>>> print(open('model.tsv').read())   # TSV, C-alpha atoms
chain	number	residue	atom	x	y	z
B	1	MET	CA	31.73	-2.21	7.85
B	2	LEU	CA	29.88	0.99	8.75
B	3	ILE	CA	26.66	-0.57	10.01
B	4	GLU	CA	26.73	-4.06	11.46
B	5	LYS	CA	24.83	-3.67	14.74
B	6	PHE	CA	21.08	-3.35	14.47
B	7	LYS	CA	18.65	-2.32	17.19
B	8	ALA	CA	15.47	-3.77	15.79
B	9	SER	CA	13.72	-5.15	12.77
B	10	TRP	CA	10.06	-4.76	11.93
B	11	MET	CA	8.32	-7.51	10.01
B	12	ALA	CA	5.34	-6.42	7.92
B	13	ILE	CA	3.63	-9.81	7.89
B	14	THR	CA	0.43	-8.75	6.12
B	15	TYR	CA	-1.26	-5.68	4.67
B	16	SER	CA	-4.70	-7.08	5.41
B	17	CYS	CA	-6.55	-5.21	8.12
B	18	ASN	CA	-9.88	-5.43	9.92
B	19	ASN	CA	-9.86	-1.63	10.38
B	20	ASN	CA	-9.53	1.03	7.71
B	21	CYS	CA	-7.85	3.98	9.44
B	22	ARG	CA	-8.10	7.27	7.61
B	23	TRP	CA	-4.36	7.97	7.56
B	24	CYS	CA	-2.90	4.46	7.25
B	25	TYR	CA	0.65	4.54	5.86
B	26	VAL	CA	-0.04	1.39	3.85
B	27	GLY	CA	-2.16	3.47	1.49
B	28	ASP	CA	-3.37	1.69	-1.63
B	29	ASN	CA	-1.75	-1.62	-0.62
B	30	LEU	CA	-4.20	-2.10	2.25
B	31	ASN	CA	-6.12	-5.37	2.03
B	32	ASN	CA	-4.13	-6.50	-0.97
B	33	LYS	CA	-4.55	-10.27	-0.58
B	34	LYS	CA	-1.10	-11.01	-1.93
B	35	THR	CA	0.67	-9.43	1.01
B	36	GLU	CA	0.79	-12.29	3.51
B	37	MET	CA	4.26	-13.34	4.61
B	38	GLN	CA	4.62	-17.10	4.14
B	39	LEU	CA	5.74	-19.30	7.05
B	40	GLU	CA	8.65	-20.70	5.05
B	41	ASP	CA	9.85	-17.13	4.48
B	42	VAL	CA	9.42	-16.26	8.16
B	43	LYS	CA	11.80	-19.13	8.99
B	44	LYS	CA	14.40	-17.86	6.53
B	45	PHE	CA	14.02	-14.22	7.56
B	46	SER	CA	14.25	-15.06	11.27
B	47	LYS	CA	17.45	-17.03	10.66
B	48	LEU	CA	18.97	-13.99	8.96
B	49	LEU	CA	17.88	-11.72	11.82
B	50	SER	CA	19.43	-14.12	14.28
B	51	GLU	CA	22.71	-14.22	12.33
B	52	LEU	CA	22.73	-10.42	12.25
B	53	ASN	CA	22.23	-10.39	16.05
B	54	VAL	CA	19.13	-8.23	15.73
B	55	PRO	CA	17.64	-8.25	19.25
B	56	LYS	CA	14.03	-7.35	18.49
B	57	ALA	CA	11.45	-8.37	15.94
B	58	ILE	CA	8.37	-6.13	15.89
B	59	LEU	CA	5.39	-7.56	14.03
B	60	ILE	CA	3.47	-4.96	12.14
B	61	GLY	CA	1.16	-4.64	9.16
B	62	GLY	CA	-1.57	-3.94	8.07
B	63	GLU	CA	-2.98	-5.75	11.03
B	64	PRO	CA	-0.72	-8.65	12.04
B	65	THR	CA	-3.44	-10.41	14.04
B	66	THR	CA	-5.33	-11.07	10.80
B	67	HIS	CA	-2.46	-13.31	9.63
B	68	PRO	CA	-3.69	-16.90	10.03
B	69	ASP	CA	-0.27	-18.13	11.17
B	70	LEU	CA	0.48	-15.42	13.72
B	71	LEU	CA	1.01	-17.82	16.63
B	72	GLU	CA	3.47	-19.91	14.62
B	73	ILE	CA	5.29	-16.75	13.52
B	74	VAL	CA	5.70	-15.61	17.12
B	75	GLU	CA	6.96	-19.07	18.08
B	76	ILE	CA	9.51	-19.13	15.25
B	77	LEU	CA	10.89	-15.71	16.20
B	78	ALA	CA	10.93	-16.41	19.93
B	79	ASP	CA	12.67	-19.75	19.35
B	80	ARG	CA	15.38	-17.82	17.50
B	81	GLY	CA	15.92	-15.77	20.65
B	82	LEU	CA	14.37	-12.59	19.26
B	83	ASN	CA	12.40	-10.39	21.65
B	84	THR	CA	9.11	-10.40	19.80
B	85	TYR	CA	6.65	-7.51	19.97
B	86	LEU	CA	3.34	-6.83	18.25
B	87	VAL	CA	1.78	-3.60	16.94
B	88	THR	CA	-1.96	-4.09	16.61
B	89	ASN	CA	-5.34	-2.38	16.65
B	90	GLY	CA	-6.16	-4.77	19.50
B	91	ARG	CA	-9.51	-5.94	18.17
B	92	LYS	CA	-8.58	-9.61	18.02
B	93	LEU	CA	-7.10	-9.32	21.50
B	94	SER	CA	-10.67	-8.98	22.75
B	95	ASP	CA	-10.45	-12.80	22.75
B	96	LYS	CA	-8.68	-13.53	26.03
B	97	GLY	CA	-7.74	-17.04	24.94
B	98	PHE	CA	-5.94	-15.62	21.91
B	99	VAL	CA	-3.96	-13.24	24.13
B	100	MET	CA	-2.95	-16.17	26.33
B	101	ASP	CA	-1.91	-18.16	23.25
B	102	LEU	CA	0.25	-15.26	22.04
B	103	LYS	CA	1.89	-14.95	25.43
B	104	ASN	CA	2.55	-18.69	25.58
B	105	ALA	CA	4.00	-18.56	22.05
B	106	GLY	CA	6.62	-16.13	23.34
B	107	LEU	CA	5.23	-12.65	22.64
B	108	LYS	CA	6.82	-10.14	25.03
B	109	LYS	CA	4.96	-6.88	24.49
B	110	VAL	CA	2.04	-5.38	22.64
B	111	THR	CA	1.34	-1.87	21.37
B	112	ILE	CA	-2.33	-1.15	20.71
B	113	SER	CA	-3.49	1.72	18.52
B	114	ILE	CA	-6.39	3.69	19.92
B	115	GLU	CA	-7.59	6.61	17.84
B	116	GLY	CA	-10.29	8.28	19.90
B	117	ALA	CA	-11.35	8.75	23.51
B	118	ASP	CA	-14.86	7.58	22.79
B	119	GLU	CA	-16.68	5.16	20.56
B	120	ASN	CA	-17.78	7.77	18.02
B	121	THR	CA	-14.33	9.29	17.45
B	122	HIS	CA	-12.41	6.01	17.41
B	123	ASP	CA	-14.89	4.21	15.17
B	124	PHE	CA	-14.98	7.19	12.80
B	125	ASN	CA	-11.19	7.10	12.47
B	126	THR	CA	-11.00	3.33	12.01
B	127	SER	CA	-14.09	3.33	9.76
B	128	ILE	CA	-15.38	0.29	11.66
B	129	LYS	CA	-18.35	0.48	14.00
B	130	GLY	CA	-17.73	-1.49	17.17
B	131	SER	CA	-13.94	-1.38	16.88
B	132	PHE	CA	-13.56	0.83	19.98
B	133	ARG	CA	-15.17	-1.71	22.31
B	134	GLU	CA	-13.01	-4.55	21.05
B	135	THR	CA	-9.85	-2.45	21.29
B	136	ILE	CA	-10.59	-1.50	24.90
B	137	LEU	CA	-11.21	-5.14	25.73
B	138	GLY	CA	-7.85	-5.92	24.10
B	139	PHE	CA	-6.10	-3.56	26.51
B	140	GLN	CA	-7.91	-5.08	29.46
B	141	ASN	CA	-7.08	-8.66	28.47
B	142	CYS	CA	-3.37	-7.86	28.11
B	143	LEU	CA	-3.35	-6.21	31.52
B	144	ASP	CA	-5.29	-9.10	33.09
B	145	LEU	CA	-2.80	-11.61	31.67
B	146	ASP	CA	0.21	-9.52	32.60
B	147	LEU	CA	1.37	-9.11	29.00
B	148	GLY	CA	3.24	-5.80	28.65
B	149	VAL	CA	0.93	-3.38	26.85
B	150	TYR	CA	1.41	0.15	25.53
B	151	ASN	CA	-0.78	2.44	23.49
B	152	GLU	CA	-0.08	4.39	20.36
B	153	THR	CA	-2.46	7.19	19.42
B	154	THR	CA	-2.08	9.15	16.22
B	155	ILE	CA	-2.79	12.84	16.65
B	156	SER	CA	-4.82	13.81	13.60
B	157	ASN	CA	-7.17	16.53	12.47
B	158	SER	CA	-10.09	14.29	13.36
B	159	ASN	CA	-9.23	13.57	17.02
B	160	LYS	CA	-7.01	16.46	18.14
B	161	GLU	CA	-9.73	18.22	20.11
B	162	ASN	CA	-10.20	15.52	22.73
B	163	LEU	CA	-6.92	13.73	23.23
B	164	GLU	CA	-7.02	14.51	26.94
B	165	GLY	CA	-9.88	12.02	27.08
B	166	ILE	CA	-7.50	9.31	25.83
B	167	VAL	CA	-5.02	10.14	28.58
B	168	ASP	CA	-7.78	9.77	31.18
B	169	LEU	CA	-9.22	6.64	29.60
B	170	LEU	CA	-5.95	4.75	29.37
B	171	TYR	CA	-4.87	5.78	32.84
B	172	ASP	CA	-8.18	4.53	34.21
B	173	ILE	CA	-7.70	1.23	32.37
B	174	GLY	CA	-4.31	0.81	34.04
B	175	LEU	CA	-1.59	2.07	31.67
B	176	LYS	CA	1.33	3.82	33.33
B	177	GLU	CA	2.17	5.92	30.31
B	178	VAL	CA	0.25	7.30	27.32
B	179	ALA	CA	2.02	7.68	23.97
B	180	PHE	CA	1.20	9.85	20.96
B	181	ASN	CA	2.27	9.95	17.31
B	182	VAL	CA	1.72	12.91	15.04
B	183	CYS	CA	-0.02	12.01	11.78
B	184	THR	CA	2.41	12.20	8.86
B	185	PRO	CA	1.54	12.10	5.15
B	186	CYS	CA	1.02	8.69	3.53
B	187	LEU	CA	3.71	8.49	0.85
B	188	SER	CA	1.64	6.51	-1.62
B	189	ARG	CA	-1.51	8.61	-1.15
B	190	LEU	CA	-0.27	12.15	-0.72
B	191	LYS	CA	-3.32	13.85	-2.18
B	192	LYS	CA	-5.58	12.00	0.26
B	193	SER	CA	-3.46	12.81	3.33
B	194	GLN	CA	-6.01	15.24	4.80
B	195	ASP	CA	-5.66	14.17	8.42
B	196	THR	CA	-2.04	15.19	8.90
B	197	VAL	CA	-1.01	17.69	11.54
B	198	SER	CA	1.83	20.12	10.87
B	199	PRO	CA	5.07	19.81	12.89
B	200	ILE	CA	4.32	23.15	14.57
B	201	GLU	CA	0.78	22.27	15.57
B	202	GLY	CA	1.92	18.76	16.53
B	203	ALA	CA	4.46	20.14	19.00
B	204	LYS	CA	1.85	22.44	20.53
B	205	ILE	CA	-0.58	19.56	21.00
B	206	ILE	CA	2.15	17.39	22.57
B	207	GLU	CA	2.97	20.21	24.99
B	208	ARG	CA	-0.70	20.53	25.89
B	209	LEU	CA	-0.99	16.78	26.56
B	210	TYR	CA	2.24	16.60	28.50
B	211	LEU	CA	1.10	19.37	30.84
B	212	TYR	CA	-2.31	17.75	31.18
B	213	GLY	CA	-0.69	14.46	32.18
B	214	LYS	CA	1.78	16.16	34.50
B	215	GLU	CA	-1.03	17.73	36.51
B	216	ARG	CA	-2.43	14.24	37.02
B	217	ASN	CA	0.86	12.35	37.49
B	218	ILE	CA	0.48	10.53	34.16
B	219	SER	CA	3.47	10.24	31.83
B	220	VAL	CA	2.75	11.42	28.30
B	221	ARG	CA	5.27	10.31	25.67
B	222	SER	CA	5.86	11.81	22.24
B	223	ILE	CA	7.06	9.21	19.74
B	224	THR	CA	7.12	11.06	16.42
B	225	PRO	CA	10.35	13.02	16.02
B	226	LEU	CA	9.47	16.70	15.62
B	227	PRO	CA	11.74	19.72	15.21
B	228	TYR	CA	13.06	20.25	18.72
B	229	CYS	CA	12.86	24.03	18.35
B	230	ASN	CA	9.11	23.84	17.77
B	231	PHE	CA	8.62	23.08	21.46
B	232	ASP	CA	8.67	25.46	24.36
B	233	ASN	CA	12.24	25.07	25.66
B	234	LYS	CA	11.22	24.44	29.26
B	235	ILE	CA	8.72	21.73	28.36
B	236	SER	CA	10.96	19.99	25.84
B	237	ASP	CA	13.85	19.99	28.35
B	238	GLU	CA	11.59	18.45	30.98
B	239	MET	CA	10.24	15.80	28.60
B	240	LYS	CA	13.73	15.01	27.36
B	241	GLU	CA	15.04	14.64	30.90
B	242	LYS	CA	12.25	12.17	31.66
B	243	GLY	CA	12.89	10.24	28.44
B	244	LEU	CA	9.46	11.15	27.09
B	245	LEU	CA	10.46	12.99	23.91
B	246	ALA	CA	11.59	11.26	20.74
B	247	LEU	CA	14.41	13.27	19.23
B	248	THR	CA	15.81	11.39	16.26
B	249	CYS	CA	14.83	8.56	13.98
B	250	GLN	CA	16.67	5.35	13.25
B	251	ILE	CA	16.35	5.86	9.49
B	252	PHE	CA	19.19	8.43	9.61
B	253	TYR	CA	21.47	5.85	11.23
B	254	GLY	CA	20.23	2.75	9.46
B	255	ASP	CA	20.35	0.62	12.59
B	256	GLY	CA	16.84	-0.63	12.08
B	257	PHE	CA	15.02	-1.92	9.03
B	258	VAL	CA	11.74	-3.44	7.95
B	259	ILE	CA	11.39	-6.79	6.25
B	260	ASP	CA	8.34	-6.55	4.07
B	261	HIS	CA	6.11	-9.57	3.39
B	262	ASN	CA	7.89	-10.24	0.07
B	263	GLY	CA	11.46	-9.85	1.32
B	264	ASP	CA	11.78	-6.17	0.48
B	265	ILE	CA	13.94	-4.22	2.92
B	266	LEU	CA	12.45	-0.83	3.83
B	267	PRO	CA	13.94	1.97	5.97
B	268	CYS	CA	10.71	2.24	7.97
B	269	VAL	CA	7.13	1.12	7.61
B	270	HIS	CA	6.10	4.44	6.08
B	271	PHE	CA	8.16	3.55	3.01
B	272	THR	CA	5.86	0.69	2.02
B	273	GLY	CA	6.32	0.17	-1.72
B	274	TYR	CA	9.71	1.92	-1.77
B	275	PRO	CA	12.24	-0.87	-1.11
B	276	LEU	CA	15.95	-0.37	-0.59
B	277	PHE	CA	16.59	-3.88	-1.90
B	278	ASN	CA	15.16	-7.40	-1.73
B	279	ILE	CA	16.70	-10.28	0.20
B	280	LYS	CA	15.17	-13.15	-1.74
B	281	LYS	CA	17.49	-15.07	-4.00
B	282	GLY	CA	16.14	-18.00	-6.00
B	283	LYS	CA	14.30	-20.25	-3.53
B	284	GLY	CA	16.30	-18.90	-0.60
B	285	ILE	CA	17.51	-15.55	0.68
B	286	ILE	CA	20.87	-13.78	0.73
B	287	ASN	CA	23.21	-14.56	3.62
B	288	LYS	CA	24.40	-12.28	6.40
B	289	ASP	CA	27.59	-11.21	4.62
B	290	THR	CA	25.78	-10.28	1.42
B	291	PHE	CA	23.14	-8.41	3.41
B	292	LEU	CA	25.79	-6.30	5.14
B	293	GLU	CA	27.63	-5.73	1.87
B	294	VAL	CA	24.51	-4.48	0.09
B	295	TYR	CA	23.38	-2.49	3.13
B	296	ASN	CA	26.69	-0.64	3.41
B	297	ASN	CA	27.85	-0.37	-0.19
B	298	LYS	CA	28.14	3.25	-1.29
B	299	SER	CA	26.78	2.48	-4.72
B	300	GLU	CA	23.65	0.76	-3.38
B	301	ASN	CA	20.28	2.26	-2.47
B	302	SER	CA	20.59	1.89	1.33
B	303	TYR	CA	23.66	4.07	1.57
B	304	LYS	CA	22.44	6.53	-1.05
B	305	PHE	CA	19.12	6.87	0.74
B	306	ARG	CA	20.76	7.63	4.11
B	307	LYS	CA	23.12	10.09	2.48
B	308	ALA	CA	20.20	11.90	0.85
B	309	LEU	CA	18.52	12.23	4.25
B	310	TRP	CA	21.53	13.91	5.84
B	311	LYS	CA	20.46	17.31	4.66
B	312	TYR	CA	19.22	20.30	6.62
B	313	PRO	CA	15.48	20.67	6.08
B	314	SER	CA	15.74	24.43	6.55
B	315	ILE	CA	18.47	27.02	6.63
B	316	LYS	CA	17.31	27.68	10.22
B	317	CYS	CA	18.73	24.27	11.18
B	318	GLU	CA	22.13	25.23	9.77
B	319	LYS	CA	22.16	28.39	11.82
B	320	ASP	CA	21.26	26.61	15.04
B	321	ASP	CA	23.44	23.62	14.37
B	322	LEU	CA	21.17	21.20	16.20
B	323	TRP	CA	21.84	18.44	13.71
B	324	GLY	CA	22.27	15.13	15.43
B	325	LYS	CA	19.77	16.07	18.13
B	326	CYS	CA	16.56	16.28	16.16
B	327	PHE	CA	17.36	16.13	12.41
B	328	GLY	CA	14.42	18.46	11.88
B	329	GLY	CA	12.04	15.70	12.92
B	330	CYS	CA	10.56	12.98	10.75
B	331	PRO	CA	11.59	13.80	7.15
B	332	ILE	CA	8.26	12.56	5.77
B	333	PHE	CA	6.67	15.81	6.96
B	334	TRP	CA	8.71	17.61	4.30
B	335	VAL	CA	6.87	15.90	1.48
B	336	LYS	CA	3.83	17.98	2.37
B	337	TYR	CA	5.01	20.87	4.54
B	338	ASP	CA	7.46	23.65	3.78
B	339	PRO	CA	10.31	23.35	6.34
B	340	ASP	CA	10.91	27.09	6.33
B	341	ASN	CA	7.37	27.67	7.59
B	342	ASN	CA	7.27	24.66	9.90
B	343	ILE	CA	10.58	24.82	11.74
B	344	ARG	CA	10.65	27.61	14.28
B	345	GLY	CA	14.43	27.85	14.70
B	346	LEU	CA	16.20	28.34	18.01
B	347	LYS	CA	17.28	31.53	19.63
B	348	ASP	CA	18.56	30.09	22.90
B	349	GLU	CA	22.35	29.75	22.92
B	350	LYS	CA	22.34	26.80	25.31
B	351	TYR	CA	21.20	24.46	22.54
B	352	THR	CA	23.98	25.29	20.16
K	1	MET	CA	5.52	-2.62	-8.51
K	2	ALA	CA	8.45	-1.27	-6.51
K	3	LEU	CA	8.76	2.51	-6.58
K	4	ASP	CA	12.05	4.36	-6.72
K	5	ILE	CA	13.15	5.41	-3.24
K	6	GLY	CA	15.78	7.73	-4.72
K	7	ASN	CA	13.14	9.72	-6.58
K	8	LEU	CA	11.06	9.80	-3.43
K	9	VAL	CA	13.77	11.54	-1.40
K	10	GLU	CA	13.95	14.17	-4.11
K	11	LYS	CA	10.34	15.02	-3.24
K	12	PHE	CA	11.34	15.93	0.32
K	13	ASN	CA	11.07	19.66	0.36
K	14	HIS	CA	14.51	20.24	1.88
K	15	LYS	CA	15.69	23.84	1.77
K	16	GLY	CA	19.02	23.55	3.55
K	17	SER	CA	22.38	22.18	2.47
K	18	ASN	CA	23.79	18.66	2.54
K	19	LEU	CA	25.92	17.42	5.40
K	20	SER	CA	29.19	15.82	4.50
K	21	GLU	CA	29.62	12.08	4.18
K	22	GLY	CA	32.26	12.30	6.92
K	23	ILE	CA	29.82	13.82	9.43
K	24	MET	CA	27.23	11.20	8.59
K	25	GLU	CA	29.61	8.27	8.89
K	26	SER	CA	31.12	9.52	12.11
K	27	ALA	CA	27.67	9.92	13.72
K	28	ILE	CA	26.61	6.48	12.56
K	29	MET	CA	29.77	4.86	13.90
K	30	SER	CA	29.43	6.62	17.22
K	31	ARG	CA	25.91	5.30	17.63
K	32	GLN	CA	26.86	1.81	16.48
K	33	TYR	CA	29.02	1.31	19.55
K	34	ARG	CA	26.90	3.01	22.19
K	35	GLU	CA	25.96	0.71	25.06
K	36	PRO	CA	22.31	-0.25	25.31
K	37	SER	CA	20.25	0.70	28.30
K	38	LYS	CA	19.33	-2.00	30.80
K	39	ASN	CA	15.59	-1.69	30.44
K	40	SER	CA	12.93	0.31	28.68
K	41	TYR	CA	12.36	2.59	31.66
K	42	ASP	CA	16.02	3.55	31.81
K	43	CYS	CA	16.13	5.89	28.84
K	44	ASN	CA	19.47	6.12	27.12
K	45	ASP	CA	18.39	9.21	25.21
K	46	CYS	CA	18.59	7.62	21.81
K	47	GLY	CA	15.41	9.48	20.93
K	48	ASP	CA	14.18	6.44	19.06
K	49	CYS	CA	10.84	5.85	20.64
K	50	ASP	CA	10.05	4.30	17.31
K	51	SER	CA	7.20	6.16	15.70
K	52	ASP	CA	4.61	4.05	13.92
K	53	GLY	CA	6.66	0.96	14.64
K	54	GLY	CA	5.18	0.60	18.09
K	55	GLY	CA	6.74	3.28	20.23
K	56	TYR	CA	9.28	0.84	21.63
K	57	CYS	CA	12.48	2.20	23.06
K	58	LEU	CA	15.18	1.15	20.65
K	59	CYS	CA	18.13	1.88	22.90
K	60	SER	CA	17.01	-0.59	25.52
K	61	ASP	CA	18.09	-4.22	25.40
K	62	ASP	CA	14.84	-5.31	26.99
>>> encode(input="model.tsv", output="structure tokens")
Amino acid sequence: MLIEKFKASWMAITYSCNNNCRWCYVGDNLNNKKTEMQLEDVKKFSKLLSELNVPKAILIGGEPTTHPDLLEIVEILADRGLNTYLVTNGRKLSDKGFVMDLKNAGLKKVTISIEGADENTHDFNTSIKGSFRETILGFQNCLDLDLGVYNETTISNSNKENLEGIVDLLYDIGLKEVAFNVCTPCLSRLKKSQDTVSPIEGAKIIERLYLYGKERNISVRSITPLPYCNFDNKISDEMKEKGLLALTCQIFYGDGFVIDHNGDILPCVHFTGYPLFNIKKGKGIINKDTFLEVYNNKSENSYKFRKALWKYPSIKCEKDDLWGKCFGGCPIFWVKYDPDNNIRGLKDEKYT
Amino acid sequence: MALDIGNLVEKFNHKGSNLSEGIMESAIMSRQYREPSKNSYDCNDCGDCDSDGGGYCLCSDD
């Protein structure tokens, strides 16, 4: 069997959300009421994850805290021995009692999305007035209750001018590290993906933020894979050495997958609506052996999808032969951007 | 309604050539049996600081 060890699984437990972020990857499915994962399904899915020895279950959405059974879901996953994490906008975590309940249910870590350094920018990006204050309170409650908390900030056209303010803000709150994504196109809403940042500009902004943090002894992490050659060599080497630069993506290796609310298996959350296959079967779900068979079979979608990804985005990548180190970054960029104009290409022999 | 993921990949504006199935499988196998790191602050250089999935280090066993 080619792939039988998995690093993580994400569970998209609902596409409801109490924010409405401008670039959300969920696209037209957002707030579709039929997208709530049922508790009975959570039990079946968690059993499968346990049988597959998947170590981590990362709850995602939409906004997972809007799911009415979130505490039970965390309990079910934790009872199965899965390290359970949550990706959230943090608004509901402004209720300290709720944070304590999540921790007691077995939640290990939280990632909170913050999309602006101030109320105006954040609330503009989330389209909800007052969301900034609740999100900040969410950070503070997690820190107060000693629940591991990280940030995730999407670099977009609408916040890129003052991201240094987010570094300062989160450091002042008490985070040890500040993490940034680069906004990629939403696959189901390509024409409306106006907030994206190109892989070249994204790398320049990451460099700027890294140097800003370095001057202040704050770690700045880049979590969207970008073409490695788009960075200044000295800065990317330094970030890589410190483990602060994402280089590849699990979708090329297939050692992570998303279970969507309805049992669809997706390569990553950005592929909402584009399933590889579905694990439901009658009133139950497929077993571990069938899952691995479908996941690895050369005639099935999972294998064919991975194979299609193993392609140089640009002829510059072939010349530099960096494949396996950066893969040209997140392939979703190449739905909107021309790789030949957005991959710089290396000239330095030491990378070859 | 489920959309076709195969058609979607065709929309990726790739300009370079395909890598062989052998290269792909060998890289996947090599990563399958790499040892996990002991904790999330001990980076094992997997480069998988998972993007919109939370930024969690995927090579750590924490």
>>> residues_near_point(input="model.tsv", point="(14.3, 10.0, -8.0)", cutoff="12 Å", atoms="all atoms listed in the file", output="list in words")
Tyr274, Asn301, Lys304, Phe305 and Ala308 of chain B; Leu3, Asp4, Ile5, Gly6, Asn7, Leu8, Val9, Glu10, Lys11 and Phe12 of chain K
>>> closest_residue(input="model.tsv", among="B:Tyr212, B:Gly202, B:Ser113, B:Asp264", to="Ile286 of chain B", atoms="all atoms listed in the file")
B:Asp264
>>> atom_distance(input="model.tsv", atom1="atom CA of Arg216 of chain B", atom2="atom CA of Glu201 of chain B")
23.1 Å
>>> atom_distance(input="model.tsv", atom1="atom CA of Ser16 of chain B", atom2="atom CA of Lys33 of chain B")
6.8 Å
>>> atom_distance(input="model.tsv", atom1="atom CA of Lys307 of chain B", atom2="atom CA of Tyr228 of chain B")
21.6 Å
>>> residues_around(input="model.tsv", residues="segment 64-70 of chain B", least_positions_apart="4", cutoff="9 Å", atoms="all atoms listed in the file", output="ChimeraX atom specification")
/B:12-18,36-39,59-60,74-75,86-93,102
>>> residues_around(input="model.tsv", residues="segment 17-26 of chain K", least_positions_apart="5", cutoff="6 Å", atoms="all atoms listed in the file", output="count of residues only")
3
>>> residues_around(input="model.tsv", residues="Met11 of chain B", least_positions_apart="4", cutoff="8 Å", atoms="all atoms listed in the file", output="JSON, numbers by chain")
{"B": [57, 58, 59, 60, 61, 258, 259, 260, 261]}
>>> closest_residue(input="model.tsv", among="B:Asn162, B:Thr248, B:Asn233, B:Asn217", to="Arg31 of chain K", atoms="only C-alpha atoms")
B:Thr248
>>> closest_residue(input="model.tsv", among="B:Ile332, B:Leu145, B:Val42, B:Ile205", to="chain K", atoms="only C-alpha atoms")
B:Ile332
>>> closest_residue(input="model.tsv", among="K:Cys57, K:Glu35, K:Ser30, K:Asn13", to="chain B", atoms="only C-alpha atoms")
K:Asn13
>>> residues_around(input="model.tsv", residues="Thr111 of chain B", least_positions_apart="2", cutoff="6 Å", atoms="only C-alpha atoms", output="NGL selection string")
(:B and (87 or 149-151)) or (:K and (54))
>>> write_last_selection(input="model.tsv", atoms="C-alpha atoms", output="mmCIF file, in the frame of the given file")
data_model
loop_
_atom_site.group_PDB
_atom_site.id
_atom_site.type_symbol
_atom_site.label_atom_id
_atom_site.label_comp_id
_atom_site.auth_asym_id
_atom_site.auth_seq_id
_atom_site.Cartn_x
_atom_site.Cartn_y
_atom_site.Cartn_z
ATOM 1 C CA VAL B 87 1.780 -3.600 16.940
ATOM 2 C CA VAL B 149 0.930 -3.380 26.850
ATOM 3 C CA TYR B 150 1.410 0.150 25.530
ATOM 4 C CA ASN B 151 -0.780 2.440 23.490
ATOM 5 C CA GLY K 54 5.180 0.600 18.090
#
>>> closest_residue(input="model.tsv", among="B:Lys96, B:His122, B:Ser314, B:Glu4", to="Ile28 of chain K", atoms="all atoms listed in the file")
B:Glu4
>>> residues_around(input="model.tsv", residues="Phe231 of chain B", least_positions_apart="4", cutoff="12 Å", atoms="all atoms listed in the file", output="PyMOL selection string")
chain B and resi 199-208+210+222+225-227+235-240+245+247+326+329+342-346
